[in-house]
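Scroll down for the structure; my scribbles are underneath it.
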Amino acid sequence: MNKALRLSEKWFRVGLWLVAFVFGSFLIGLGGKVVANLPKVEQRYTLEDFIDKPAAEKARASIREARLTRQEADDALDQAQLKLNARRADTASAHETFNNWLATRQATRRPEQDPELITRTTALDALKLGERRALAAVENQQQIALDARQAEQRALKELQQLEQTAGSALSDALQGQELRVFLYRLALTLPLLGVAGWLFAKKRKGSGWPFVWGFIYFALFAFFVELVPYLPDYGGYVRYAVGIVVTVVVGRQAIAALNRYLERQKEAEARPDLERRQELGYDTALARLAKSVCPGCERSVDLKNTSIDFCPHCGICLFDHCGKCTERKSAFSRFCHACGASAQDAAGGETGR
């Protein structure tokens with residue numbers, strides 16, 4: 001901060017910079033809302049927008065039907081398996097009973113028991129037949145379930161192919177949409193950057209400079225922060241391209257300004273000492289002296305050395321003596337620090353004597 005400014009003026013400037021910061025913050029918040037809502041101007045694409053709807057619906061219907069058939073077959077298979085187990089248990093029990101009775105029959109060899117043997121054998125055959133029928137029912141349900149699973153897999157494969165084709169079309173559409181949204185953001189933020197550049201060149205030193213700087217901060221934030229992260233691929237190219245252009249323009253302006261400054265310094269150093277000191281602003285001269293540099297040529301000078309009254313680089317007078325009290329003082333001071341006499345009055349009195 002400039003040390004030559006009055007204390008109240010320093011605080012006023014701090015307050016104005018705070019105004020610039022707050023103004024820029026509100027602009028950034030508003031701009032962030034606008035940029036964030038820009039994608040809403042485009043339709044939100046989904047996979048269903050690009051898939052072959054009749055074929056996909058047919059495949060999905062096949063999948064639903066196959067799953068329902070498979071579920072029913074699985075339920076029926078569970079029931080058939082239970083019946084088969086029961087039939088097998090009955091057959092095993094009857095077979096064991098028959099074997100025991102047959103062993104007894106062979107031991108006694110009683111002819112009157114032959115009809116019962118035939119009856120028991122017939123009953124055992126009937127149980128075996130029931131078991132075979134139960135097994136056939138299980139195998140039938142297993143076949144139905146297998147057919148349903150295979151139909152479901154075929155339908156799933158067909159649906160996946162349709163979704164893969166639609167996914168490629170969706171990806172292309174999303175890339176095009178992202179590019180359009182990026183161009184919307186670019187069309188919004190690039191003019192802001194141009195206006196900010198014009199304000200910086202023309203209005204940054206005017207009476208409304210806090211609002212100018214606030215708008216500049218907002219434009220830079222909107223372009224380099226709000227714009228770029230949404231689309232790094234496109235945004236990176238734009239950011240670096242704009243950075244190169246801005247660097248070249250600013251660099252050329254800085255080089256030209258430096259050359260003009262050096263020319264002005266050469267011309268100023270060739271003019272008389274009194275004229276040079278009158279052209280320097282009071283605050284500017286004090287600020288440069290506070291930095292231990294010559295107010296005329298801005299080169300370093302040892303101001304603590306009381307034997308130096310003139311700049312050894314450009315020859316401008318740095319210290320003189322009061323015309324009333326002869327105290328050594330700064331040649332740029334308006335009043336003598338020792339007696340309070342006006343520098344102009346003291347100079348006039350000294351000239352009269």
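Going through the structure tokens in order, the chains are called A, B, and so on, while each chain numbers its residues from 1 and the ligands are numbered from 1 in the order shown.
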Using only C-alpha atoms, what table do you get, as a Markdown table, when you list each residue of segment 114-213 of chain A with an atom no more than 7 Å from segment 66-85 of chain A, its nearest pair of atoms, and their distance in Å rounded to one decimal, rows by chain then rising number?
```
| residue | atom | partner | partner_atom | distance |
| --- | --- | --- | --- | --- |
| A:Glu131 | CA | A:Leu84 | CA | 6.2 |
| A:Ala134 | CA | A:Leu84 | CA | 4.9 |
| A:Leu135 | CA | A:Leu84 | CA | 5.9 |
| A:Ala137 | CA | A:Ala80 | CA | 6.2 |
| A:Val138 | CA | A:Ala80 | CA | 5.3 |
| A:Gln141 | CA | A:Leu77 | CA | 5.3 |
| A:Gln142 | CA | A:Leu77 | CA | 6.6 |
| A:Ile144 | CA | A:Ala73 | CA | 6.1 |
| A:Ala145 | CA | A:Arg70 | CA | 4.7 |
| A:Ala148 | CA | A:Ala66 | CA | 4.8 |
| A:Arg149 | CA | A:Arg70 | CA | 6.5 |
| A:Ala151 | CA | A:Ala66 | CA | 6.2 |
| A:Glu152 | CA | A:Ala66 | CA | 5.3 |
```
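Residues in contact with Asp90 of chain A at up to 10 Å, not including ones fewer than 2 positions away on its chain and judged by only C-alpha atoms, are A:Leu84, A:Asn85, A:Ala86, A:Arg87, A:Arg88, A:Ala92, A:Ser93, A:Ala94, A:His95, A:Glu96, A:Leu124, A:Leu127, A:Lys128, A:Gly130, A:Glu131.
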Next item on the list: For each of A:Leu190, A:Ile255, A:Ala338, A:Ala55, take the minimum atom-to-atom distance to Phe224 of chain A, counting only C-alpha atoms, then give the residue where this is smallest.
Entry: A:Leu190
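Of the residues listed (A:Val34, A:Ala173, A:Cys317, A:Leu27), A:Leu27 shows the shortest atom-to-atom separation from Phe221 of chain A; distances use only C-alpha atoms.
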Produce a table with one row for each residue of segment 41-98 of chain A that has an atom at most 12 Å from any atom of segment 160-170 of chain A, each row naming the nearest atom pair and its distance in Å at one decimal; use only C-alpha atoms; arrange rows by chain and rising residue number; format as JSON lines.
```
{"residue": "A:Arg44", "atom": "CA", "partner": "A:Leu170", "partner_atom": "CA", "distance": 10.7}
{"residue": "A:Tyr45", "atom": "CA", "partner": "A:Leu170", "partner_atom": "CA", "distance": 7.2}
{"residue": "A:Thr46", "atom": "CA", "partner": "A:Leu170", "partner_atom": "CA", "distance": 7.0}
{"residue": "A:Leu47", "atom": "CA", "partner": "A:Ala166", "partner_atom": "CA", "distance": 6.2}
{"residue": "A:Glu48", "atom": "CA", "partner": "A:Ala166", "partner_atom": "CA", "distance": 7.9}
{"residue": "A:Asp49", "atom": "CA", "partner": "A:Leu170", "partner_atom": "CA", "distance": 7.9}
{"residue": "A:Phe50", "atom": "CA", "partner": "A:Ala166", "partner_atom": "CA", "distance": 5.0}
{"residue": "A:Ile51", "atom": "CA", "partner": "A:Ala166", "partner_atom": "CA", "distance": 4.7}
{"residue": "A:Asp52", "atom": "CA", "partner": "A:Leu162", "partner_atom": "CA", "distance": 6.8}
{"residue": "A:Lys53", "atom": "CA", "partner": "A:Leu162", "partner_atom": "CA", "distance": 9.2}
{"residue": "A:Pro54", "atom": "CA", "partner": "A:Leu162", "partner_atom": "CA", "distance": 10.7}
{"residue": "A:Ala55", "atom": "CA", "partner": "A:Leu162", "partner_atom": "CA", "distance": 8.0}
{"residue": "A:Ala56", "atom": "CA", "partner": "A:Leu162", "partner_atom": "CA", "distance": 6.8}
{"residue": "A:Glu57", "atom": "CA", "partner": "A:Leu162", "partner_atom": "CA", "distance": 10.6}
{"residue": "A:Lys58", "atom": "CA", "partner": "A:Leu162", "partner_atom": "CA", "distance": 11.4}
{"residue": "A:Ala59", "atom": "CA", "partner": "A:Leu162", "partner_atom": "CA", "distance": 9.4}
{"residue": "A:Arg60", "atom": "CA", "partner": "A:Gln160", "partner_atom": "CA", "distance": 10.6}
{"residue": "A:Ile63", "atom": "CA", "partner": "A:Gln160", "partner_atom": "CA", "distance": 11.9}
```
Generate a file of the selected residues that holds all heavy atoms, formatted as a tab-separated table (two decimals), in the first residue's frame.
```tsv
chain	number	residue	atom	x	y	z
A	44	ARG	N	-32.43	-33.82	-22.25
A	44	ARG	CA	-31.64	-34.81	-21.53
A	44	ARG	C	-31.81	-36.18	-22.21
A	44	ARG	O	-32.87	-36.80	-22.12
A	44	ARG	CB	-32.07	-34.89	-20.07
A	44	ARG	CG	-31.15	-35.73	-19.19
A	44	ARG	CD	-31.64	-35.72	-17.76
A	44	ARG	NE	-31.56	-34.39	-17.20
A	44	ARG	CZ	-30.47	-33.86	-16.66
A	44	ARG	NH1	-29.35	-34.56	-16.62
A	44	ARG	NH2	-30.49	-32.64	-16.16
A	45	TYR	N	-30.77	-36.63	-22.91
A	45	TYR	CA	-30.85	-37.87	-23.66
A	45	TYR	C	-30.72	-39.08	-22.74
A	45	TYR	O	-29.98	-39.06	-21.76
A	45	TYR	CB	-29.75	-37.93	-24.72
A	45	TYR	CG	-29.91	-36.93	-25.84
A	45	TYR	CD1	-28.90	-36.05	-26.17
A	45	TYR	CD2	-31.09	-36.88	-26.58
A	45	TYR	CE1	-29.04	-35.13	-27.20
A	45	TYR	CE2	-31.25	-35.96	-27.61
A	45	TYR	CZ	-30.22	-35.09	-27.91
A	45	TYR	OH	-30.37	-34.19	-28.92
A	46	THR	N	-31.46	-40.15	-23.10
A	46	THR	CA	-31.33	-41.44	-22.43
A	46	THR	C	-31.18	-42.54	-23.48
A	46	THR	O	-31.33	-42.29	-24.69
A	46	THR	CB	-32.56	-41.75	-21.55
A	46	THR	OG1	-33.73	-41.83	-22.39
A	46	THR	CG2	-32.77	-40.66	-20.51
A	47	LEU	N	-30.90	-43.75	-23.02
A	47	LEU	CA	-30.72	-44.86	-23.94
A	47	LEU	C	-32.00	-45.16	-24.72
A	47	LEU	O	-31.94	-45.58	-25.89
A	47	LEU	CB	-30.28	-46.10	-23.16
A	47	LEU	CG	-29.75	-47.28	-23.97
A	47	LEU	CD1	-28.46	-46.91	-24.67
A	47	LEU	CD2	-29.53	-48.48	-23.07
A	48	GLU	N	-33.15	-44.90	-24.11
A	48	GLU	CA	-34.42	-45.20	-24.76
A	48	GLU	C	-34.68	-44.31	-25.96
A	48	GLU	O	-35.51	-44.64	-26.82
A	48	GLU	CB	-35.57	-45.06	-23.76
A	48	GLU	CG	-35.55	-46.08	-22.64
A	48	GLU	CD	-35.69	-47.50	-23.17
A	48	GLU	OE1	-36.49	-47.71	-24.10
A	48	GLU	OE2	-34.98	-48.39	-22.64
A	49	ASP	N	-33.99	-43.16	-26.04
A	49	ASP	CA	-34.19	-42.26	-27.18
A	49	ASP	C	-33.56	-42.81	-28.46
A	49	ASP	O	-33.88	-42.32	-29.55
A	49	ASP	CB	-33.60	-40.88	-26.88
A	49	ASP	CG	-34.32	-40.19	-25.74
A	49	ASP	OD1	-35.55	-40.39	-25.63
A	49	ASP	OD2	-33.67	-39.49	-24.95
A	50	PHE	N	-32.68	-43.80	-28.36
A	50	PHE	CA	-31.93	-44.26	-29.54
A	50	PHE	C	-32.10	-45.77	-29.80
A	50	PHE	O	-31.62	-46.25	-30.81
A	50	PHE	CB	-30.44	-43.94	-29.37
A	50	PHE	CG	-30.16	-42.48	-29.21
A	50	PHE	CD1	-30.06	-41.92	-27.94
A	50	PHE	CD2	-30.01	-41.66	-30.31
A	50	PHE	CE1	-29.82	-40.57	-27.78
A	50	PHE	CE2	-29.77	-40.31	-30.16
A	50	PHE	CZ	-29.68	-39.76	-28.89
A	51	ILE	N	-32.75	-46.48	-28.90
A	51	ILE	CA	-32.89	-47.91	-29.08
A	51	ILE	C	-34.05	-48.20	-30.05
A	51	ILE	O	-34.99	-47.40	-30.18
A	51	ILE	CB	-33.12	-48.60	-27.72
A	51	ILE	CG1	-32.81	-50.08	-27.80
A	51	ILE	CG2	-34.54	-48.36	-27.23
A	51	ILE	CD1	-32.77	-50.77	-26.44
A	52	ASP	N	-33.98	-49.37	-30.74
A	52	ASP	CA	-35.07	-49.82	-31.62
A	52	ASP	C	-36.22	-50.27	-30.71
A	52	ASP	O	-36.23	-51.38	-30.18
A	52	ASP	CB	-34.57	-50.97	-32.50
A	52	ASP	CG	-35.60	-51.40	-33.54
A	52	ASP	OD1	-36.75	-50.93	-33.45
A	52	ASP	OD2	-35.25	-52.19	-34.43
A	53	LYS	N	-37.21	-49.38	-30.53
A	53	LYS	CA	-38.24	-49.62	-29.53
A	53	LYS	C	-39.07	-50.88	-29.81
A	53	LYS	O	-39.32	-51.67	-28.89
A	53	LYS	CB	-39.15	-48.40	-29.41
A	53	LYS	CG	-38.46	-47.20	-28.77
A	53	LYS	CD	-39.43	-46.03	-28.61
A	53	LYS	CE	-38.78	-44.89	-27.84
A	53	LYS	NZ	-37.58	-44.37	-28.51
A	54	PRO	N	-39.55	-51.13	-31.05
A	54	PRO	CA	-40.34	-52.37	-31.27
A	54	PRO	C	-39.53	-53.63	-30.97
A	54	PRO	O	-40.02	-54.54	-30.29
A	54	PRO	CB	-40.71	-52.28	-32.75
A	54	PRO	CG	-40.68	-50.83	-33.07
A	54	PRO	CD	-39.56	-50.27	-32.25
A	55	ALA	N	-38.27	-53.67	-31.47
A	55	ALA	CA	-37.45	-54.86	-31.22
A	55	ALA	C	-37.13	-55.00	-29.74
A	55	ALA	O	-37.12	-56.11	-29.18
A	55	ALA	CB	-36.17	-54.79	-32.04
A	56	ALA	N	-36.84	-53.87	-29.07
A	56	ALA	CA	-36.51	-53.92	-27.65
A	56	ALA	C	-37.72	-54.36	-26.83
A	56	ALA	O	-37.58	-55.16	-25.89
A	56	ALA	CB	-36.01	-52.56	-27.18
A	57	GLU	N	-38.90	-53.85	-27.18
A	57	GLU	CA	-40.10	-54.24	-26.44
A	57	GLU	C	-40.41	-55.72	-26.65
A	57	GLU	O	-40.82	-56.43	-25.72
A	57	GLU	CB	-41.29	-53.39	-26.90
A	57	GLU	CG	-42.55	-53.62	-26.09
A	57	GLU	CD	-42.38	-53.35	-24.61
A	57	GLU	OE1	-41.58	-52.45	-24.26
A	57	GLU	OE2	-43.02	-54.06	-23.81
A	58	LYS	N	-40.18	-56.20	-27.87
A	58	LYS	CA	-40.39	-57.63	-28.14
A	58	LYS	C	-39.42	-58.48	-27.32
A	58	LYS	O	-39.81	-59.51	-26.74
A	58	LYS	CB	-40.20	-57.90	-29.63
A	58	LYS	CG	-40.42	-59.35	-30.02
A	58	LYS	CD	-40.23	-59.54	-31.52
A	58	LYS	CE	-40.40	-61.01	-31.91
A	58	LYS	NZ	-40.18	-61.22	-33.37
A	59	ALA	N	-38.16	-58.07	-27.26
A	59	ALA	CA	-37.16	-58.81	-26.48
A	59	ALA	C	-37.50	-58.78	-25.00
A	59	ALA	O	-37.39	-59.80	-24.30
A	59	ALA	CB	-35.77	-58.24	-26.73
A	60	ARG	N	-37.93	-57.63	-24.51
A	60	ARG	CA	-38.27	-57.53	-23.09
A	60	ARG	C	-39.50	-58.38	-22.77
A	60	ARG	O	-39.58	-58.98	-21.69
A	60	ARG	CB	-38.51	-56.07	-22.72
A	60	ARG	CG	-37.25	-55.20	-22.77
A	60	ARG	CD	-37.51	-53.81	-22.23
A	60	ARG	NE	-36.31	-52.98	-22.30
A	60	ARG	CZ	-36.17	-51.91	-23.07
A	60	ARG	NH1	-37.18	-51.53	-23.85
A	60	ARG	NH2	-35.05	-51.20	-23.06
A	63	ILE	N	-38.36	-61.86	-22.54
A	63	ILE	CA	-37.65	-62.08	-21.27
A	63	ILE	C	-38.65	-62.24	-20.12
A	63	ILE	O	-38.52	-63.16	-19.29
A	63	ILE	CB	-36.68	-60.91	-20.99
A	63	ILE	CG1	-35.54	-60.90	-22.02
A	63	ILE	CG2	-36.12	-61.01	-19.57
A	63	ILE	CD1	-34.66	-59.69	-21.94
```
Note to self: My list of candidates is A:Leu159, A:Leu220, A:Ile308, A:Leu262. Which is closest to Gly296 of chain A when distances are computed with only C-alpha atoms?
What the structure shows: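 Ranked by minimum distance to Gly296 of chain A, first place goes to A:Leu262.
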Note to self: Env of Leu192 of chain A: 9 Å cut, atoms = only C-alpha atoms, seq-sep filter 6 positions within chain, self excluded. Answer as a VMD selection string.
What the structure shows: chain A and resid 215 to 216 218 to 220 222 to 223
